[in-house]
Amino acid sequence: MKSRILHLQEEIDRVIKKCDACYMGMVDTSGNPYVIPMNFGYKSGEIFLHSAQTGKKIDILQKNNQVCVAFSTDHELRWQSEKVACSYGMKYRSVVAFGKVVFIEDYDQKVDALNVIMSQYTDREFSYNAPAVKDVNVFKVVVEKFEGKAYGY
Ligand SMILES: Cc1cc2nc3c(=O)[nH]c(=O)nc-3n(C[C@H](O)[C@H](O)[C@H](O)COP(=O)(O)OP(=O)(O)OC[C@H]3O[C@@H](n4cnc5c(N)ncnc54)[C@H](O)[C@@H]3O)c2cc1C
């Protein structure tokens, strides 16, 4: 079975909306890759993320804001012959997004971004503690290119 390219933005959006985590890849100034899992929000083709103010990823992003973010969902083991290892495969839908990180400093824009992140996980509405909002690092990935693939679907 061949994998299928996802050409439609609606299909790509649907994959991202089904995921509960993404994998953000960065490159440090020595050219070393660094990939970490993160929770996220997604709206209008932009990926919203939040984190502590310090740490390795923030150090990297402040020097190189180019990132690659991967999403995958609908994982399901399939096989043609139960006893033949090479006939096994994993059904999936996945998306890779390439873009640049932009840090969000404005308080109201931070709250908007946090609401987008929360809405990926729950329909509830929230209030926020001002000191916590000021303390958290919020950023978005302005996506330059999406690529999507599906296998078995
Ligand atoms: C499902 C999921 C969702 C997450 N969501 C978020 C989120 O929304 N925001 C957020 O800030 N973080 C999130 N995390 C944690 C995130 O993956 C990082 O661990 C965290 O952001 C710290 O990253 P850092 O670069 O600042 O690490 P530092 O604390 O600076 O890292 C210290 C060292 O630990 C190693 N390390 C860092 N993260 C990991 C990891 N996840 N696994 C193994 N080794 C690691 C690195 O190699 C690094 O050298 C999530 C993790 C998971 C599994």
# chains A, B, ... in the order shown; residues from 1 in each chain; ligands from 1
call {"tool": "residues_around", "arguments": {"residues": "A:Met90", "least_positions_apart": "3", "cutoff": "8 Å", "atoms": "only C-alpha atoms", "output": "compact mmCIF listing (two decimals) with N, CA and C atoms, in the first residue's frame"}}
result
# COMPACT_ATOMS: atom_id res chain seq x y z
N HIS A 75 -2.89 6.36 14.36
CA HIS A 75 -1.94 5.24 14.27
C HIS A 75 -2.69 3.92 14.46
N GLU A 76 -2.49 3.02 13.54
CA GLU A 76 -3.17 1.72 13.64
C GLU A 76 -2.33 0.66 12.94
N LEU A 77 -2.00 -0.38 13.68
CA LEU A 77 -1.20 -1.46 13.09
C LEU A 77 -2.04 -2.23 12.08
N ARG A 78 -1.44 -2.49 10.91
CA ARG A 78 -2.13 -3.31 9.90
C ARG A 78 -1.13 -4.34 9.38
N TYR A 151 -1.14 7.16 5.27
CA TYR A 151 -0.85 5.79 4.85
C TYR A 151 -1.97 4.89 5.39
N GLY A 152 -2.60 4.18 4.47
CA GLY A 152 -3.66 3.24 4.88
C GLY A 152 -5.03 3.88 4.99
call {"tool": "residues_around", "arguments": {"residues": "stretch 106-115 of chain A", "least_positions_apart": "2", "cutoff": "9 Å", "atoms": "only C-alpha atoms", "output": "PyMOL selection string"}}
result
chain A and resi 41+48-50+104+117-120+125-126+128+130+133-134+136-140
call {"tool": "write_last_selection", "arguments": {"atoms": "N, CA and C atoms", "output": "CSV table (one decimal), in the first residue's frame"}}
result
chain,number,residue,atom,x,y,z
A,41,GLY,N,-1.6,24.9,20.3
A,41,GLY,CA,-2.9,25.3,19.7
A,41,GLY,C,-2.7,25.6,18.3
A,48,PHE,N,0.4,27.7,18.0
A,48,PHE,CA,0.7,28.5,19.2
A,48,PHE,C,1.3,27.6,20.3
A,49,LEU,N,2.3,28.0,21.0
A,49,LEU,CA,3.0,27.2,22.0
A,49,LEU,C,3.3,28.1,23.2
A,50,HIS,N,3.5,27.4,24.4
A,50,HIS,CA,3.8,28.2,25.6
A,50,HIS,C,4.9,27.4,26.4
A,104,ILE,N,5.5,36.2,21.5
A,104,ILE,CA,4.3,37.1,21.7
A,104,ILE,C,4.5,37.8,23.1
A,117,ILE,N,-4.5,27.6,22.6
A,117,ILE,CA,-3.9,26.3,23.1
A,117,ILE,C,-5.0,25.5,23.9
A,118,MET,N,-5.7,26.2,24.8
A,118,MET,CA,-6.7,25.5,25.6
A,118,MET,C,-7.7,24.9,24.8
A,119,SER,N,-8.1,25.5,23.7
A,119,SER,CA,-9.2,25.1,22.9
A,119,SER,C,-8.9,23.8,22.1
A,120,GLN,N,-7.6,23.5,22.0
A,120,GLN,CA,-7.1,22.3,21.3
A,120,GLN,C,-7.5,21.1,22.2
A,125,GLU,N,-14.3,27.4,29.1
A,125,GLU,CA,-13.7,28.8,29.1
A,125,GLU,C,-12.9,29.1,30.3
A,126,PHE,N,-12.0,29.9,30.2
A,126,PHE,CA,-11.0,30.1,31.3
A,126,PHE,C,-10.8,31.6,31.7
A,128,TYR,N,-7.6,33.9,33.6
A,128,TYR,CA,-6.2,33.8,33.8
A,128,TYR,C,-5.7,34.7,34.9
A,130,ALA,N,-3.0,37.2,36.1
A,130,ALA,CA,-2.2,38.1,35.4
A,130,ALA,C,-0.7,37.8,35.6
A,133,VAL,N,0.3,34.9,33.5
A,133,VAL,CA,0.4,35.2,32.1
A,133,VAL,C,1.7,36.0,31.8
A,134,LYS,N,2.0,36.9,32.7
A,134,LYS,CA,3.2,37.7,32.4
A,134,LYS,C,4.5,36.8,32.5
A,136,VAL,N,4.7,33.5,31.8
A,136,VAL,CA,4.8,32.4,30.8
A,136,VAL,C,5.4,32.9,29.5
A,137,ASN,N,6.1,32.1,28.8
A,137,ASN,CA,6.6,32.5,27.5
A,137,ASN,C,5.7,31.9,26.4
A,138,VAL,N,5.1,32.8,25.6
A,138,VAL,CA,4.1,32.4,24.6
A,138,VAL,C,4.7,32.7,23.2
A,139,PHE,N,4.6,31.8,22.3
A,139,PHE,CA,5.1,32.1,21.0
A,139,PHE,C,4.3,31.3,19.9
A,140,LYS,N,4.4,31.8,18.7
A,140,LYS,CA,3.7,31.1,17.6
A,140,LYS,C,4.7,30.8,16.5
call {"tool": "closest_residue", "arguments": {"among": "A:Ile47, A:Gly55, A:Val27, A:Leu8", "to": "ligand 1", "atoms": "only C-alpha atoms and all ligand atoms"}}
result
A:Gly55
call {"tool": "select_by_dssp", "arguments": {"residues": "stretch 19-50 of chain A", "states": "strand (DSSP E)", "output": "PyMOL selection string"}}
result
chain A and resi 22-27+33-38+41-43+46-50
call {"tool": "residues_near_ligand", "arguments": {"ligand": "ligand 1", "cutoff": "10 Å", "atoms": "only C-alpha atoms and all ligand atoms", "output": "number ranges by chain"}}
result
A: 20-24, 26, 34-41, 48-61, 117, 136-138
call {"tool": "closest_residue", "arguments": {"among": "A:Lys43, A:Lys149, A:Lys100, A:Lys83", "to": "A:Ser3", "atoms": "only C-alpha atoms"}}
result
A:Lys149
call {"tool": "select_by_dssp", "arguments": {"residues": "stretch 14-69 of chain A", "states": "alpha helix (DSSP H)", "output": "PyMOL selection string"}}
result
chain A and resi 14-18+56-63
call {"tool": "atom_distance", "arguments": {"atom1": "atom CA of A:Gln62", "atom2": "atom CA of A:Gly31"}}
result
14.6 Å
